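Below is one structure, written out as C-alpha cells; comments come after it.
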Amino acid sequence: MPGNGTNKIVVPDKPRLTREQIAQRAALELLDGAYVNLGWGIPNLIADYLPKEITVYFHSENGILGMGRRAKPGEEDFDLVDAMKVPVTLISGASFFHQADAHLMSRGGHLDVAVLGGFQVSEKGDLANWKIPGAKGSGGIGGAMDIAAGAKTLIVCMEHTTKDGAPKIVKQCTYPVTGLACVDTIVTDLAVIDVEPEGLILREVARGWSAEEVQSLTGASLIARKQILEMSFV
C-alpha cells in the first residue's frame, strides 16, 4: 500500500481507540515472566490491563522491580510511587534498589520489553519521543535513550496522528531522534504495526477501519502480508 506522501490528509470521521484501549491492546504483547519497563503516558496505563493468566515484573527507573497495577482510591501509599509519581501496588517478590541500579538494568540489556510513548516512528523503526520542534522548554528525554537502546524488545504506544491529522508514522523522523532502528512494534488508536527488515507490516486495524483508511493516515508504506485482523483487547 503506498504512503500518502505530501497529499492533503482527509481524516475519516470514525471512532478511534481510547488511550485506555491502546494500553489494553499493548498488554497482550507481553509474555509471562517478562521484565518490562513502562514509559510515561499511555504505556503507564498497561499494568491495569495485564491478562490474569500471566505474571509480568514491571520495572521502574526510580528503583522498583515487581510493580503491580496502579493503586485505587483509598489504598494509595505515597511512599510507593512509580517514576511518574503515581501511587502503585506491588506483586509478591517485589524489590527496591537505588535509582542508579535501575538505570544500569535498562542500559545493561536486562529488560525483556520496554513500552514507550512516541511523537514519531520512522519506517526503519527510528523513534522520536522527547521533543517537538518549536515547543517551549528543553524537552523531556529522561531515560528514554537508555531504555530504547537497552531493551530487547521495544513497543511504542501512541495516537496514529497528531491533533492536526498529520501522520506520526513517517518515512523519516523530522523530530529529534531518541533511538535509531529500535522499535519492534507500534500500537496506535488505529492499528498494530510490526517493524521488520522489509518494512512496516500492518497486523491489525481498529474496528470499523479498513487497511486503506489506515494507510491514508500513515506517512510511510504499510505492507499487508496476510489477512489483517481486528484489534482485540484483554
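FYI, nothing fancy with the C-alpha cells labels: chains A, B, ... in order, residues from 1 per chain, ligands from 1 as they appear.
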Residues within 6 Å of Leu154 (chain A), only C-alpha atoms, excluding chain neighbours under 2 positions, as a PyMOL selection string: chain A and resi 113-115+183-184
Exercise: Ala102 (chain A) partners within 12 Å, only C-alpha atoms, chain neighbours under 2 positions left out, as a PyMOL selection string: chain A and resi 37+58-65+83+95-100+104-111+143+146-147
Residues just named, written with N, CA and C atoms as a PDB file, in the first residue's frame:
ATOM      1  N   ASN A  37       9.619  -2.469  31.298  1.00  0.00           N
ATOM      2  CA  ASN A  37       9.594  -1.063  31.718  1.00  0.00           C
ATOM      3  C   ASN A  37       8.479  -0.340  30.979  1.00  0.00           C
ATOM      4  N   PHE A  58       7.102  -5.623  36.364  1.00  0.00           N
ATOM      5  CA  PHE A  58       7.248  -4.254  35.868  1.00  0.00           C
ATOM      6  C   PHE A  58       8.381  -3.545  36.595  1.00  0.00           C
ATOM      7  N   HIS A  59       9.187  -2.875  35.814  1.00  0.00           N
ATOM      8  CA  HIS A  59      10.389  -2.184  36.294  1.00  0.00           C
ATOM      9  C   HIS A  59      10.168  -0.677  36.213  1.00  0.00           C
ATOM     10  N   SER A  60      10.610   0.029  37.236  1.00  0.00           N
ATOM     11  CA  SER A  60      10.512   1.487  37.239  1.00  0.00           C
ATOM     12  C   SER A  60      11.889   2.071  37.502  1.00  0.00           C
ATOM     13  N   GLU A  61      12.252   3.122  36.727  1.00  0.00           N
ATOM     14  CA  GLU A  61      13.594   3.665  36.846  1.00  0.00           C
ATOM     15  C   GLU A  61      13.826   4.439  38.131  1.00  0.00           C
ATOM     16  N   ASN A  62      12.794   4.601  38.979  1.00  0.00           N
ATOM     17  CA  ASN A  62      13.062   5.179  40.296  1.00  0.00           C
ATOM     18  C   ASN A  62      13.389   4.095  41.323  1.00  0.00           C
ATOM     19  N   GLY A  63      13.510   2.815  40.878  1.00  0.00           N
ATOM     20  CA  GLY A  63      14.046   1.792  41.761  1.00  0.00           C
ATOM     21  C   GLY A  63      13.081   0.731  42.245  1.00  0.00           C
ATOM     22  N   ILE A  64      12.206   0.231  41.377  1.00  0.00           N
ATOM     23  CA  ILE A  64      11.272  -0.837  41.746  1.00  0.00           C
ATOM     24  C   ILE A  64      11.309  -1.911  40.670  1.00  0.00           C
ATOM     25  N   LEU A  65      11.283  -3.175  41.097  1.00  0.00           N
ATOM     26  CA  LEU A  65      11.036  -4.299  40.194  1.00  0.00           C
ATOM     27  C   LEU A  65       9.937  -5.140  40.826  1.00  0.00           C
ATOM     28  N   ALA A  83       7.776   6.069  38.480  1.00  0.00           N
ATOM     29  CA  ALA A  83       8.596   7.187  38.020  1.00  0.00           C
ATOM     30  C   ALA A  83       7.774   8.413  37.671  1.00  0.00           C
ATOM     31  N   SER A  95      10.973  -5.865  44.672  1.00  0.00           N
ATOM     32  CA  SER A  95      12.194  -5.399  45.326  1.00  0.00           C
ATOM     33  C   SER A  95      12.429  -3.926  45.034  1.00  0.00           C
ATOM     34  N   PHE A  96      13.240  -3.304  45.894  1.00  0.00           N
ATOM     35  CA  PHE A  96      13.578  -1.887  45.768  1.00  0.00           C
ATOM     36  C   PHE A  96      15.096  -1.743  45.700  1.00  0.00           C
ATOM     37  N   PHE A  97      15.567  -0.715  44.988  1.00  0.00           N
ATOM     38  CA  PHE A  97      17.003  -0.522  44.835  1.00  0.00           C
ATOM     39  C   PHE A  97      17.266   0.923  44.435  1.00  0.00           C
ATOM     40  N   HIS A  98      18.527   1.277  44.392  1.00  0.00           N
ATOM     41  CA  HIS A  98      18.931   2.643  44.064  1.00  0.00           C
ATOM     42  C   HIS A  98      18.557   2.962  42.616  1.00  0.00           C
ATOM     43  N   GLN A  99      18.262   4.231  42.355  1.00  0.00           N
ATOM     44  CA  GLN A  99      17.902   4.649  41.004  1.00  0.00           C
ATOM     45  C   GLN A  99      19.034   4.376  40.012  1.00  0.00           C
ATOM     46  N   ALA A 100      20.269   4.508  40.470  1.00  0.00           N
ATOM     47  CA  ALA A 100      21.397   4.224  39.581  1.00  0.00           C
ATOM     48  C   ALA A 100      21.384   2.768  39.132  1.00  0.00           C
ATOM     49  N   LEU A 104      21.081   1.037  35.389  1.00  0.00           N
ATOM     50  CA  LEU A 104      22.002   0.001  34.935  1.00  0.00           C
ATOM     51  C   LEU A 104      21.251  -1.189  34.362  1.00  0.00           C
ATOM     52  N   MET A 105      20.106  -1.505  34.944  1.00  0.00           N
ATOM     53  CA  MET A 105      19.275  -2.583  34.402  1.00  0.00           C
ATOM     54  C   MET A 105      18.823  -2.249  32.976  1.00  0.00           C
ATOM     55  N   SER A 106      18.450  -0.980  32.776  1.00  0.00           N
ATOM     56  CA  SER A 106      17.995  -0.552  31.446  1.00  0.00           C
ATOM     57  C   SER A 106      19.137  -0.625  30.435  1.00  0.00           C
ATOM     58  N   ARG A 107      20.286  -0.069  30.816  1.00  0.00           N
ATOM     59  CA  ARG A 107      21.419   0.020  29.887  1.00  0.00           C
ATOM     60  C   ARG A 107      22.061  -1.335  29.641  1.00  0.00           C
ATOM     61  N   GLY A 108      21.969  -2.220  30.610  1.00  0.00           N
ATOM     62  CA  GLY A 108      22.687  -3.494  30.525  1.00  0.00           C
ATOM     63  C   GLY A 108      21.965  -4.591  29.769  1.00  0.00           C
ATOM     64  N   GLY A 109      20.820  -4.280  29.166  1.00  0.00           N
ATOM     65  CA  GLY A 109      20.103  -5.283  28.401  1.00  0.00           C
ATOM     66  C   GLY A 109      19.320  -6.276  29.237  1.00  0.00           C
ATOM     67  N   HIS A 110      18.921  -5.870  30.452  1.00  0.00           N
ATOM     68  CA  HIS A 110      18.215  -6.787  31.341  1.00  0.00           C
ATOM     69  C   HIS A 110      16.691  -6.686  31.221  1.00  0.00           C
ATOM     70  N   LEU A 111      16.200  -5.742  30.415  1.00  0.00           N
ATOM     71  CA  LEU A 111      14.761  -5.607  30.215  1.00  0.00           C
ATOM     72  C   LEU A 111      14.335  -6.415  28.995  1.00  0.00           C
ATOM     73  N   GLY A 143      15.090   8.900  30.763  1.00  0.00           N
ATOM     74  CA  GLY A 143      15.898   7.714  30.497  1.00  0.00           C
ATOM     75  C   GLY A 143      15.532   7.032  29.196  1.00  0.00           C
ATOM     76  N   ASP A 146      18.392   5.449  26.970  1.00  0.00           N
ATOM     77  CA  ASP A 146      18.954   4.231  27.558  1.00  0.00           C
ATOM     78  C   ASP A 146      17.982   3.067  27.410  1.00  0.00           C
ATOM     79  N   ILE A 147      16.718   3.332  27.671  1.00  0.00           N
ATOM     80  CA  ILE A 147      15.709   2.269  27.607  1.00  0.00           C
ATOM     81  C   ILE A 147      15.534   1.771  26.175  1.00  0.00           C
TER      82      ILE A 147
END
Shortest interatomic distance to Gly125 (chain A) - which of A:Pro73, A:Gly150, A:Gly33, A:Gly179, counting only C-alpha atoms: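 Of the candidates, the smallest distance to Gly125 (chain A) is held by A:Gly179.
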Selection near Pro12 (chain A), 10 Å with only C-alpha atoms, sequence-local residues under 5 positions removed, as a list in words: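 Residues meeting the cut-off are Trp209, Glu213, Val214, Ser216 and Leu217 of chain A.
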Take the residues from that selection and write them out as a JSON list (two decimals), in the first residue's frame, keeping N, CA, C and O atoms.
[["chain", "number", "residue", "atom", "x", "y", "z"],
["A", 209, "TRP", "N", -12.45, 0.25, 10.74],
["A", 209, "TRP", "CA", -11.46, 0.88, 9.87],
["A", 209, "TRP", "C", -10.92, -0.14, 8.86],
["A", 209, "TRP", "O", -10.76, -1.32, 9.18],
["A", 213, "GLU", "N", -7.85, 2.97, 4.78],
["A", 213, "GLU", "CA", -8.05, 4.18, 5.58],
["A", 213, "GLU", "C", -6.87, 4.40, 6.52],
["A", 213, "GLU", "O", -6.42, 5.54, 6.71],
["A", 214, "VAL", "N", -6.37, 3.32, 7.12],
["A", 214, "VAL", "CA", -5.20, 3.45, 7.99],
["A", 214, "VAL", "C", -4.00, 3.92, 7.18],
["A", 214, "VAL", "O", -3.24, 4.80, 7.61],
["A", 216, "SER", "N", -4.02, 5.77, 4.57],
["A", 216, "SER", "CA", -4.18, 7.18, 4.20],
["A", 216, "SER", "C", -3.72, 8.12, 5.29],
["A", 216, "SER", "O", -3.44, 9.29, 5.02],
["A", 217, "LEU", "N", -3.64, 7.63, 6.53],
["A", 217, "LEU", "CA", -3.21, 8.45, 7.66],
["A", 217, "LEU", "C", -1.80, 8.09, 8.12],
["A", 217, "LEU", "O", -1.39, 8.45, 9.21]]
Close residues, Gly93 (chain A) itself excluded, 10 Å, only C-alpha atoms, min 5 positions apart in chain, as a short mmCIF file (atom, residue, chain, number, x, y, z; two decimals) with N, CA and C atoms, in the first residue's frame:
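What follows is the written file around_13.cif:
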data_model
loop_
_atom_site.label_atom_id
_atom_site.label_comp_id
_atom_site.auth_asym_id
_atom_site.auth_seq_id
_atom_site.Cartn_x
_atom_site.Cartn_y
_atom_site.Cartn_z
N TYR A 57 6.94 -8.70 35.52
CA TYR A 57 7.68 -7.96 36.53
C TYR A 57 7.96 -6.56 35.98
N LEU A 65 11.28 -3.17 41.10
CA LEU A 65 11.04 -4.30 40.19
C LEU A 65 9.94 -5.14 40.83
N GLY A 66 8.84 -5.29 40.10
CA GLY A 66 7.70 -6.03 40.63
C GLY A 66 6.52 -5.13 40.96
N MET A 67 6.36 -4.04 40.20
CA MET A 67 5.17 -3.21 40.39
C MET A 67 3.94 -3.95 39.92
#
Distance query Leu80 (chain A) at most 9 Å, only C-alpha atoms, self and fewer than 5 positions along chain excluded, as a PyMOL selection string: chain A and resi 85-90
Dump as a PDB file, in the first residue's frame, selection limited to all heavy atoms:
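The new file part-v9.pdb reads:
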ATOM      1  N   LYS A  85       5.408   9.407  39.641  1.00  0.00           N
ATOM      2  CA  LYS A  85       4.912   9.791  40.965  1.00  0.00           C
ATOM      3  C   LYS A  85       3.458   9.363  41.173  1.00  0.00           C
ATOM      4  O   LYS A  85       2.743   9.942  41.984  1.00  0.00           O
ATOM      5  CB  LYS A  85       5.049  11.312  41.191  1.00  0.00           C
ATOM      6  CG  LYS A  85       6.457  11.837  40.973  1.00  0.00           C
ATOM      7  CD  LYS A  85       7.458  11.211  41.911  1.00  0.00           C
ATOM      8  CE  LYS A  85       8.840  11.864  41.796  1.00  0.00           C
ATOM      9  NZ  LYS A  85       9.502  11.586  40.520  1.00  0.00           N
ATOM     10  N   VAL A  86       3.051   8.327  40.438  1.00  0.00           N
ATOM     11  CA  VAL A  86       1.703   7.773  40.581  1.00  0.00           C
ATOM     12  C   VAL A  86       1.753   6.638  41.593  1.00  0.00           C
ATOM     13  O   VAL A  86       2.589   5.729  41.468  1.00  0.00           O
ATOM     14  CB  VAL A  86       1.178   7.248  39.233  1.00  0.00           C
ATOM     15  CG1 VAL A  86      -0.168   6.550  39.405  1.00  0.00           C
ATOM     16  CG2 VAL A  86       1.056   8.384  38.222  1.00  0.00           C
ATOM     17  N   PRO A  87       0.886   6.628  42.629  1.00  0.00           N
ATOM     18  CA  PRO A  87       0.877   5.525  43.591  1.00  0.00           C
ATOM     19  C   PRO A  87       0.577   4.191  42.914  1.00  0.00           C
ATOM     20  O   PRO A  87      -0.323   4.093  42.075  1.00  0.00           O
ATOM     21  CB  PRO A  87      -0.247   5.918  44.562  1.00  0.00           C
ATOM     22  CG  PRO A  87      -0.348   7.405  44.443  1.00  0.00           C
ATOM     23  CD  PRO A  87      -0.065   7.700  43.004  1.00  0.00           C
ATOM     24  N   VAL A  88       1.366   3.170  43.252  1.00  0.00           N
ATOM     25  CA  VAL A  88       1.227   1.862  42.637  1.00  0.00           C
ATOM     26  C   VAL A  88       1.145   0.787  43.714  1.00  0.00           C
ATOM     27  O   VAL A  88       1.351   1.049  44.899  1.00  0.00           O
ATOM     28  CB  VAL A  88       2.409   1.555  41.690  1.00  0.00           C
ATOM     29  CG1 VAL A  88       2.412   2.511  40.507  1.00  0.00           C
ATOM     30  CG2 VAL A  88       3.743   1.629  42.441  1.00  0.00           C
ATOM     31  N   THR A  89       0.857  -0.424  43.279  1.00  0.00           N
ATOM     32  CA  THR A  89       0.869  -1.576  44.164  1.00  0.00           C
ATOM     33  C   THR A  89       2.088  -2.434  43.823  1.00  0.00           C
ATOM     34  O   THR A  89       2.836  -2.135  42.891  1.00  0.00           O
ATOM     35  CB  THR A  89      -0.411  -2.401  43.993  1.00  0.00           C
ATOM     36  OG1 THR A  89      -0.518  -2.846  42.626  1.00  0.00           O
ATOM     37  CG2 THR A  89      -1.639  -1.563  44.345  1.00  0.00           C
ATOM     38  N   LEU A  90       2.285  -3.500  44.592  1.00  0.00           N
ATOM     39  CA  LEU A  90       3.393  -4.420  44.359  1.00  0.00           C
ATOM     40  C   LEU A  90       2.864  -5.832  44.193  1.00  0.00           C
ATOM     41  O   LEU A  90       1.804  -6.183  44.706  1.00  0.00           O
ATOM     42  CB  LEU A  90       4.369  -4.403  45.538  1.00  0.00           C
ATOM     43  CG  LEU A  90       5.041  -3.076  45.881  1.00  0.00           C
ATOM     44  CD1 LEU A  90       5.867  -3.248  47.143  1.00  0.00           C
ATOM     45  CD2 LEU A  90       5.897  -2.591  44.730  1.00  0.00           C
TER      46      LEU A  90
END
Residues flagged strand (DSSP E or B) by DSSP in region 37-224 of chain A, as a PyMOL selection string: chain A and resi 37-38+57-60+64-70+81+87-96+113-117+120-122+127-128+153-157+161+167+169-170+179+185-187+191-196+199-205+219+222-223
Could you take the residues named above and write them with C-alpha atoms, as an mmCIF file, in the first residue's frame?
data_model
loop_
_atom_site.group_PDB
_atom_site.id
_atom_site.type_symbol
_atom_site.label_atom_id
_atom_site.label_comp_id
_atom_site.auth_asym_id
_atom_site.auth_seq_id
_atom_site.Cartn_x
_atom_site.Cartn_y
_atom_site.Cartn_z
ATOM 1 C CA ASN A 37 9.594 -1.063 31.718
ATOM 2 C CA LEU A 38 6.607 1.208 31.125
ATOM 3 C CA TYR A 57 7.680 -7.960 36.527
ATOM 4 C CA PHE A 58 7.248 -4.254 35.868
ATOM 5 C CA HIS A 59 10.389 -2.184 36.294
ATOM 6 C CA SER A 60 10.512 1.487 37.239
ATOM 7 C CA ILE A 64 11.272 -0.837 41.746
ATOM 8 C CA LEU A 65 11.036 -4.299 40.194
ATOM 9 C CA GLY A 66 7.696 -6.027 40.629
ATOM 10 C CA MET A 67 5.173 -3.208 40.389
ATOM 11 C CA GLY A 68 1.539 -4.171 40.133
ATOM 12 C CA ARG A 69 -1.407 -2.116 38.976
ATOM 13 C CA ARG A 70 -1.978 1.498 39.928
ATOM 14 C CA VAL A 81 5.108 5.519 43.597
ATOM 15 C CA PRO A 87 0.877 5.525 43.591
ATOM 16 C CA VAL A 88 1.227 1.862 42.637
ATOM 17 C CA THR A 89 0.869 -1.576 44.164
ATOM 18 C CA LEU A 90 3.393 -4.420 44.359
ATOM 19 C CA ILE A 91 3.304 -8.086 43.409
ATOM 20 C CA SER A 92 4.776 -10.849 45.572
ATOM 21 C CA GLY A 93 8.578 -10.766 45.486
ATOM 22 C CA ALA A 94 8.904 -7.104 44.530
ATOM 23 C CA SER A 95 12.194 -5.399 45.326
ATOM 24 C CA PHE A 96 13.578 -1.887 45.768
ATOM 25 C CA VAL A 113 10.405 -5.399 26.892
ATOM 26 C CA ALA A 114 10.062 -1.630 27.129
ATOM 27 C CA VAL A 115 6.892 0.229 26.182
ATOM 28 C CA LEU A 116 7.375 3.912 25.382
ATOM 29 C CA GLY A 117 5.239 6.723 24.052
ATOM 30 C CA GLN A 120 7.150 9.900 15.561
ATOM 31 C CA VAL A 121 8.281 6.451 14.402
ATOM 32 C CA SER A 122 10.009 6.006 11.051
ATOM 33 C CA LEU A 127 11.907 6.683 17.478
ATOM 34 C CA ALA A 128 11.420 10.362 18.323
ATOM 35 C CA THR A 153 12.019 -5.578 22.510
ATOM 36 C CA LEU A 154 10.591 -2.068 22.185
ATOM 37 C CA ILE A 155 6.877 -1.361 21.770
ATOM 38 C CA VAL A 156 5.639 2.170 21.095
ATOM 39 C CA CYS A 157 2.111 3.250 22.093
ATOM 40 C CA THR A 161 -1.823 11.067 14.006
ATOM 41 C CA PRO A 167 0.978 11.187 10.429
ATOM 42 C CA ILE A 169 4.352 7.084 11.475
ATOM 43 C CA VAL A 170 6.621 8.528 8.798
ATOM 44 C CA GLY A 179 16.993 5.949 19.116
ATOM 45 C CA THR A 185 6.008 -2.930 17.286
ATOM 46 C CA ILE A 186 3.726 0.111 17.170
ATOM 47 C CA VAL A 187 0.285 0.094 18.815
ATOM 48 C CA ALA A 191 -3.566 -0.250 14.171
ATOM 49 C CA VAL A 192 -0.919 -2.716 15.302
ATOM 50 C CA ILE A 193 2.163 -2.492 13.084
ATOM 51 C CA ASP A 194 5.372 -4.538 13.238
ATOM 52 C CA VAL A 195 8.699 -3.076 12.126
ATOM 53 C CA GLU A 196 10.578 -5.693 10.120
ATOM 54 C CA GLY A 199 9.226 -2.514 6.143
ATOM 55 C CA LEU A 200 6.118 -1.796 8.227
ATOM 56 C CA ILE A 201 3.839 -4.833 8.469
ATOM 57 C CA LEU A 202 0.186 -3.999 9.125
ATOM 58 C CA ARG A 203 -1.018 -6.715 11.513
ATOM 59 C CA GLU A 204 -4.338 -5.379 12.868
ATOM 60 C CA VAL A 205 -6.698 -2.438 12.376
ATOM 61 C CA GLY A 219 3.284 8.726 6.167
ATOM 62 C CA LEU A 222 2.351 -0.348 5.009
ATOM 63 C CA ILE A 223 2.731 -3.963 3.929
#
Nearest residue to Val11 (chain A) from the set A:Ala224, A:Leu190, A:Ile132, A:Pro197 (distances using only C-alpha atoms): A:Leu190
In chain A, DSSP alpha helix (DSSP H) residues written as a VMD selection string: chain A and resid 19 to 27 99 to 107 144 to 150 211 to 216
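Compared by their closest atoms to Glu123 (chain A), and using only C-alpha atoms, the residues A:Met158, A:Met145, A:Leu180, A:Ala166 rank with A:Leu180 nearest.
Between CA of Asp32 (chain A) and CA of Ala47 (chain A) the separation is 13.3 Å.
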Interatomic distance (Å, one decimal) between CA of Ile42 (chain A) and CA of Lys226 (chain A):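 Straight-line distance from CA of Ile42 (chain A) to CA of Lys226 (chain A) works out to 28.4 Å.
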Two-atom distance - CA of Gly165 (chain A), CA of Gly208 (chain A) (Å): 18.4 Å
Nearest residue to Glu20 (chain A) from the set A:Asp189, A:Thr178, A:Ala211, A:Ala135 (distances using only C-alpha atoms):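 Among A:Asp189, A:Thr178, A:Ala211, A:Ala135, it is A:Asp189 that comes nearest to Glu20 (chain A).
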Nearest candidate to Gly139 (chain A) (options A:Leu28, A:Val177, A:Lys72, A:Cys182; using only C-alpha atoms):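 For Gly139 (chain A), the nearest of the given residues is A:Val177.
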Within 10 Å of Pro133 (chain A) using only C-alpha atoms, minus same-chain residues under 4 positions, as a ChimeraX atom specification: /A:138-139,174-176
Residue nearest Thr218 (chain A) - candidates A:Thr55, A:Asn44, A:Gln21, A:Thr188, atoms counted: only C-alpha atoms: A:Thr188
